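Reading through the structure tokens given below for one structure.
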Amino acid sequence: METVSFAGVKVDNLSLLEAIQRVGKYLQESRPHLIVTPNPEIIVTAQKDHELREIINNADLRVPDGISMVVVSRILGRPLKERVSGIDLMLKIIEKYGDKFKIFLLGSAPGIADEAADKLVQKYPALKIVGTMHGFFGDDLEALQKIENCQPDILFVGLGAGRQEKWLNHHLKNLNLPVAMVIGGSLDVISDRKKRAPFWTQKMGVEWLYRLFTEPQRWKRQLALPKFLWLTFRQR
Ligand code: UDP
């Protein structure tokens with residue numbers, strides 16, 4: 001699999017379709033596979049957080065979750081095929097494999113994972129969601145036991161960037177399941193608690209601009225974008 005590196009953080013150069021096919025292969029194997037979704041903010045964080053960088057670089061699948069990554073990759077002459085957003089990949093995995101493989105949703109505030117599960121089952125009635133749990137548990141053991149009791153094949157984890165990658169990296173080897181993926185705040189969106197940017201902004205690559213205007217409190221997080229550009233061009 002071809003990889004493209006951004007300031008020392010690797011991402012895999014595959015389309016959404018290719019990523020889904022790869023997940024299909026993982027589901028046939030018994031060993032656990034970790035799927036991460038690096039974006040410019042995570043790449044900036046990973047400059048100082050070496051543990052996070054190692055986890056991403058050693059993950060089984062790393063999809064580029066940022067249009068700026070695609071643009072930069074073209075300028076640097078190592079073009080990524082397309083942006084593969086975490087939530088798109090998650091929803092496609094659910095659509096394609098969710099009637100055959102058992103799913104567990106972990107993360108977000110209490111009640112949200114259940115609401116997201118309800119919405120998903122409304123859309124895909126054959127979906128096998130075997131368990132949910134919120135992401136504000138104090139004791140890892142409680143979450144691990146719940147997951148183990150439900151015996152899922154696919155575990156989606158949204159505990160916030162950084163924590164979710166470390167949590168999975170630490171526990172995945174003890175969980176007997178083939179696919180685990182980090183999903184950030186996707187359950188907030190799927191449950192309809194939070195609106196995703198309109199499709200046209202995603203198509204035009206200005207979703208970040210839309211989020212800046214609609215969630216101005218995120219401006220600090222968005223400073224990651226110029227930092228990301230500086231880091232990647234400096235490395236050129
Ligand atoms: N979250 C959680 N447990 C925590 C901290 C955060 O479940 O201890 C959840 C939070 O409720 C939200 C998500 O993590 O749903 C936010 O993750 P991130 O900031 O990575 O999401 P993004 O908005 O970038 O998708």
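So you can find residues: chains in the structure tokens are A, B, ... in the order shown, residues in each start at 1, and ligands are numbered from 1 in order.
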
Quiz item: Can you list, as a ChimeraX atom specification, every residue of region 10-233 of chain A that DSSP puts in strand (DSSP E or B)?
Solution: /A:10-12,33-36,61-62,103-107,129-133,154-158,179-182

Could you take the residues named above and write them with N, CA and C atoms, as a PDB file, in the first residue's frame?
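Wrote part.pdb, looks like this:
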ATOM      1  N   LYS A  10       2.328   9.285   8.621  1.00  0.00           N
ATOM      2  CA  LYS A  10       1.985   8.570   7.383  1.00  0.00           C
ATOM      3  C   LYS A  10       0.480   8.481   7.170  1.00  0.00           C
ATOM      4  N   VAL A  11       0.066   8.634   5.894  1.00  0.00           N
ATOM      5  CA  VAL A  11      -1.321   8.297   5.542  1.00  0.00           C
ATOM      6  C   VAL A  11      -1.282   7.402   4.312  1.00  0.00           C
ATOM      7  N   ASP A  12      -2.316   6.599   4.143  1.00  0.00           N
ATOM      8  CA  ASP A  12      -2.368   5.662   3.026  1.00  0.00           C
ATOM      9  C   ASP A  12      -3.087   6.296   1.849  1.00  0.00           C
ATOM     10  N   HIS A  33      -7.350  -5.086  13.750  1.00  0.00           N
ATOM     11  CA  HIS A  33      -6.808  -4.051  12.862  1.00  0.00           C
ATOM     12  C   HIS A  33      -7.288  -2.686  13.350  1.00  0.00           C
ATOM     13  N   LEU A  34      -6.367  -1.732  13.358  1.00  0.00           N
ATOM     14  CA  LEU A  34      -6.704  -0.382  13.813  1.00  0.00           C
ATOM     15  C   LEU A  34      -6.798   0.579  12.621  1.00  0.00           C
ATOM     16  N   ILE A  35      -7.919   1.290  12.550  1.00  0.00           N
ATOM     17  CA  ILE A  35      -8.120   2.273  11.479  1.00  0.00           C
ATOM     18  C   ILE A  35      -8.131   3.670  12.106  1.00  0.00           C
ATOM     19  N   VAL A  36      -7.268   4.555  11.613  1.00  0.00           N
ATOM     20  CA  VAL A  36      -7.210   5.925  12.126  1.00  0.00           C
ATOM     21  C   VAL A  36      -7.471   6.910  10.991  1.00  0.00           C
ATOM     22  N   LEU A  61      -4.611   0.981   8.874  1.00  0.00           N
ATOM     23  CA  LEU A  61      -5.173   1.818   7.809  1.00  0.00           C
ATOM     24  C   LEU A  61      -5.274   3.243   8.327  1.00  0.00           C
ATOM     25  N   ARG A  62      -4.749   4.207   7.513  1.00  0.00           N
ATOM     26  CA  ARG A  62      -4.738   5.622   7.919  1.00  0.00           C
ATOM     27  C   ARG A  62      -5.318   6.412   6.780  1.00  0.00           C
ATOM     28  N   ILE A 103     -21.662  -4.867  15.384  1.00  0.00           N
ATOM     29  CA  ILE A 103     -21.074  -3.542  15.601  1.00  0.00           C
ATOM     30  C   ILE A 103     -21.289  -3.071  17.037  1.00  0.00           C
ATOM     31  N   PHE A 104     -20.257  -2.406  17.596  1.00  0.00           N
ATOM     32  CA  PHE A 104     -20.380  -1.755  18.907  1.00  0.00           C
ATOM     33  C   PHE A 104     -19.993  -0.286  18.744  1.00  0.00           C
ATOM     34  N   LEU A 105     -20.808   0.614  19.311  1.00  0.00           N
ATOM     35  CA  LEU A 105     -20.533   2.050  19.234  1.00  0.00           C
ATOM     36  C   LEU A 105     -20.117   2.549  20.620  1.00  0.00           C
ATOM     37  N   LEU A 106     -18.911   3.099  20.713  1.00  0.00           N
ATOM     38  CA  LEU A 106     -18.412   3.618  21.994  1.00  0.00           C
ATOM     39  C   LEU A 106     -18.027   5.085  21.821  1.00  0.00           C
ATOM     40  N   GLY A 107     -18.593   5.949  22.679  1.00  0.00           N
ATOM     41  CA  GLY A 107     -18.136   7.337  22.649  1.00  0.00           C
ATOM     42  C   GLY A 107     -19.254   8.352  22.737  1.00  0.00           C
ATOM     43  N   ILE A 129     -26.316  -3.960  15.483  1.00  0.00           N
ATOM     44  CA  ILE A 129     -25.622  -3.192  16.533  1.00  0.00           C
ATOM     45  C   ILE A 129     -25.829  -3.941  17.843  1.00  0.00           C
ATOM     46  N   VAL A 130     -24.724  -4.485  18.367  1.00  0.00           N
ATOM     47  CA  VAL A 130     -24.877  -5.368  19.530  1.00  0.00           C
ATOM     48  C   VAL A 130     -24.667  -4.628  20.852  1.00  0.00           C
ATOM     49  N   GLY A 131     -24.152  -3.402  20.788  1.00  0.00           N
ATOM     50  CA  GLY A 131     -23.958  -2.670  22.045  1.00  0.00           C
ATOM     51  C   GLY A 131     -23.522  -1.240  21.819  1.00  0.00           C
ATOM     52  N   THR A 132     -23.781  -0.400  22.844  1.00  0.00           N
ATOM     53  CA  THR A 132     -23.342   0.998  22.796  1.00  0.00           C
ATOM     54  C   THR A 132     -22.859   1.374  24.193  1.00  0.00           C
ATOM     55  N   MET A 133     -22.015   2.391  24.258  1.00  0.00           N
ATOM     56  CA  MET A 133     -21.633   2.943  25.561  1.00  0.00           C
ATOM     57  C   MET A 133     -21.119   4.358  25.368  1.00  0.00           C
ATOM     58  N   ILE A 154     -16.839  -5.285  14.820  1.00  0.00           N
ATOM     59  CA  ILE A 154     -16.384  -3.936  14.457  1.00  0.00           C
ATOM     60  C   ILE A 154     -16.663  -3.008  15.639  1.00  0.00           C
ATOM     61  N   LEU A 155     -15.601  -2.326  16.083  1.00  0.00           N
ATOM     62  CA  LEU A 155     -15.742  -1.407  17.216  1.00  0.00           C
ATOM     63  C   LEU A 155     -15.430   0.010  16.737  1.00  0.00           C
ATOM     64  N   PHE A 156     -16.404   0.922  16.888  1.00  0.00           N
ATOM     65  CA  PHE A 156     -16.175   2.326  16.555  1.00  0.00           C
ATOM     66  C   PHE A 156     -15.976   3.090  17.861  1.00  0.00           C
ATOM     67  N   VAL A 157     -14.908   3.889  17.926  1.00  0.00           N
ATOM     68  CA  VAL A 157     -14.556   4.557  19.182  1.00  0.00           C
ATOM     69  C   VAL A 157     -14.394   6.068  18.981  1.00  0.00           C
ATOM     70  N   GLY A 158     -15.249   6.844  19.646  1.00  0.00           N
ATOM     71  CA  GLY A 158     -15.174   8.306  19.557  1.00  0.00           C
ATOM     72  C   GLY A 158     -14.969   8.928  20.926  1.00  0.00           C
ATOM     73  N   VAL A 179     -11.810  -5.510  13.627  1.00  0.00           N
ATOM     74  CA  VAL A 179     -11.741  -4.125  13.135  1.00  0.00           C
ATOM     75  C   VAL A 179     -12.140  -3.132  14.218  1.00  0.00           C
ATOM     76  N   ALA A 180     -11.250  -2.157  14.458  1.00  0.00           N
ATOM     77  CA  ALA A 180     -11.567  -1.053  15.371  1.00  0.00           C
ATOM     78  C   ALA A 180     -11.190   0.247  14.673  1.00  0.00           C
ATOM     79  N   MET A 181     -12.077   1.215  14.765  1.00  0.00           N
ATOM     80  CA  MET A 181     -11.838   2.475  14.063  1.00  0.00           C
ATOM     81  C   MET A 181     -12.130   3.658  14.981  1.00  0.00           C
ATOM     82  N   VAL A 182     -11.294   4.690  14.918  1.00  0.00           N
ATOM     83  CA  VAL A 182     -11.560   5.911  15.691  1.00  0.00           C
ATOM     84  C   VAL A 182     -12.526   6.793  14.891  1.00  0.00           C
TER      85      VAL A 182
END

Quiz item: Given a cut-off of 9 Å, what residues near ligand 1 show up using only C-alpha atoms and all ligand atoms, put as an MDAnalysis selection string?
Solution: chainID A and resid 39 41:42 86:87 106:110 112 134:138 157:164 182:189

Self-check item: Separation of CA of Thr232 (chain A) from CA of Asp88 (chain A), in Å and rounded to one decimal
Solution: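 Between CA of Thr232 (chain A) and CA of Asp88 (chain A) the gap is 25.3 Å.
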
Practice problem: Give the helix (DSSP H, G or I) residues of region 190-222 of chain A, as DSSP finds them on the backbone, and put them as a ChimeraX atom specification. | Solution: /A:190,199-204,207-214,216-222

Put those residues in a file: N, CA and C atoms, as a PDB file, in the first residue's frame.
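Output file part-v1.pdb is given in full below:
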ATOM      1  N   ILE A 190     -24.260  11.596  13.553  1.00  0.00           N
ATOM      2  CA  ILE A 190     -25.199  10.537  13.150  1.00  0.00           C
ATOM      3  C   ILE A 190     -26.488  10.622  13.977  1.00  0.00           C
ATOM      4  N   PHE A 199     -23.398  19.411   1.984  1.00  0.00           N
ATOM      5  CA  PHE A 199     -22.652  18.607   1.019  1.00  0.00           C
ATOM      6  C   PHE A 199     -21.837  19.479   0.065  1.00  0.00           C
ATOM      7  N   TRP A 200     -22.427  20.654  -0.332  1.00  0.00           N
ATOM      8  CA  TRP A 200     -21.703  21.494  -1.309  1.00  0.00           C
ATOM      9  C   TRP A 200     -20.381  22.005  -0.722  1.00  0.00           C
ATOM     10  N   THR A 201     -20.364  22.257   0.599  1.00  0.00           N
ATOM     11  CA  THR A 201     -19.101  22.730   1.195  1.00  0.00           C
ATOM     12  C   THR A 201     -18.069  21.596   1.199  1.00  0.00           C
ATOM     13  N   GLN A 202     -18.558  20.369   1.369  1.00  0.00           N
ATOM     14  CA  GLN A 202     -17.628  19.234   1.344  1.00  0.00           C
ATOM     15  C   GLN A 202     -17.060  19.054  -0.058  1.00  0.00           C
ATOM     16  N   LYS A 203     -17.963  19.175  -1.053  1.00  0.00           N
ATOM     17  CA  LYS A 203     -17.562  18.999  -2.457  1.00  0.00           C
ATOM     18  C   LYS A 203     -16.533  20.051  -2.870  1.00  0.00           C
ATOM     19  N   MET A 204     -16.775  21.301  -2.392  1.00  0.00           N
ATOM     20  CA  MET A 204     -15.887  22.394  -2.799  1.00  0.00           C
ATOM     21  C   MET A 204     -14.626  22.471  -1.945  1.00  0.00           C
ATOM     22  N   GLU A 207     -15.369  22.850   3.754  1.00  0.00           N
ATOM     23  CA  GLU A 207     -16.073  22.429   4.962  1.00  0.00           C
ATOM     24  C   GLU A 207     -15.457  23.107   6.194  1.00  0.00           C
ATOM     25  N   TRP A 208     -14.131  23.226   6.206  1.00  0.00           N
ATOM     26  CA  TRP A 208     -13.429  23.849   7.338  1.00  0.00           C
ATOM     27  C   TRP A 208     -13.862  25.309   7.511  1.00  0.00           C
ATOM     28  N   LEU A 209     -14.115  25.996   6.358  1.00  0.00           N
ATOM     29  CA  LEU A 209     -14.507  27.409   6.405  1.00  0.00           C
ATOM     30  C   LEU A 209     -15.919  27.514   6.982  1.00  0.00           C
ATOM     31  N   TYR A 210     -16.768  26.585   6.549  1.00  0.00           N
ATOM     32  CA  TYR A 210     -18.146  26.543   7.048  1.00  0.00           C
ATOM     33  C   TYR A 210     -18.136  26.331   8.563  1.00  0.00           C
ATOM     34  N   ARG A 211     -17.289  25.388   9.017  1.00  0.00           N
ATOM     35  CA  ARG A 211     -17.242  25.080  10.452  1.00  0.00           C
ATOM     36  C   ARG A 211     -16.681  26.265  11.234  1.00  0.00           C
ATOM     37  N   LEU A 212     -15.790  27.037  10.614  1.00  0.00           N
ATOM     38  CA  LEU A 212     -15.220  28.200  11.282  1.00  0.00           C
ATOM     39  C   LEU A 212     -16.308  29.241  11.548  1.00  0.00           C
ATOM     40  N   PHE A 213     -17.210  29.401  10.565  1.00  0.00           N
ATOM     41  CA  PHE A 213     -18.278  30.383  10.736  1.00  0.00           C
ATOM     42  C   PHE A 213     -19.393  29.885  11.658  1.00  0.00           C
ATOM     43  N   THR A 214     -19.697  28.588  11.557  1.00  0.00           N
ATOM     44  CA  THR A 214     -20.822  28.090  12.358  1.00  0.00           C
ATOM     45  C   THR A 214     -20.404  27.699  13.773  1.00  0.00           C
ATOM     46  N   PRO A 216     -17.604  29.215  15.759  1.00  0.00           N
ATOM     47  CA  PRO A 216     -16.434  30.093  15.894  1.00  0.00           C
ATOM     48  C   PRO A 216     -15.528  29.730  17.070  1.00  0.00           C
ATOM     49  N   GLN A 217     -16.103  28.987  18.050  1.00  0.00           N
ATOM     50  CA  GLN A 217     -15.269  28.575  19.188  1.00  0.00           C
ATOM     51  C   GLN A 217     -14.154  27.616  18.759  1.00  0.00           C
ATOM     52  N   ARG A 218     -14.274  27.120  17.515  1.00  0.00           N
ATOM     53  CA  ARG A 218     -13.242  26.193  17.020  1.00  0.00           C
ATOM     54  C   ARG A 218     -12.034  26.900  16.425  1.00  0.00           C
ATOM     55  N   TRP A 219     -12.051  28.263  16.436  1.00  0.00           N
ATOM     56  CA  TRP A 219     -11.000  28.948  15.693  1.00  0.00           C
ATOM     57  C   TRP A 219      -9.603  28.539  16.151  1.00  0.00           C
ATOM     58  N   LYS A 220      -9.467  28.277  17.456  1.00  0.00           N
ATOM     59  CA  LYS A 220      -8.140  27.887  17.969  1.00  0.00           C
ATOM     60  C   LYS A 220      -7.684  26.584  17.333  1.00  0.00           C
ATOM     61  N   ARG A 221      -8.671  25.654  17.226  1.00  0.00           N
ATOM     62  CA  ARG A 221      -8.344  24.365  16.611  1.00  0.00           C
ATOM     63  C   ARG A 221      -7.973  24.556  15.149  1.00  0.00           C
ATOM     64  N   GLN A 222      -8.604  25.556  14.523  1.00  0.00           N
ATOM     65  CA  GLN A 222      -8.352  25.743  13.091  1.00  0.00           C
ATOM     66  C   GLN A 222      -7.000  26.378  12.807  1.00  0.00           C
TER      67      GLN A 222
END

Exercise. Quote the spacing between CA of Ile75 (chain A) and CA of Phe233 (chain A) in Å to one decimal place.
Key: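 Interatomic distance here is 9.3 Å.
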
Quiz item: Between A:Ile93, A:Ala113, A:Met1, A:Cys150, which is the closest to Gly24 (chain A) once you count only C-alpha atoms?
Solution: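 For Gly24 (chain A), the nearest of the given residues is A:Ile93.
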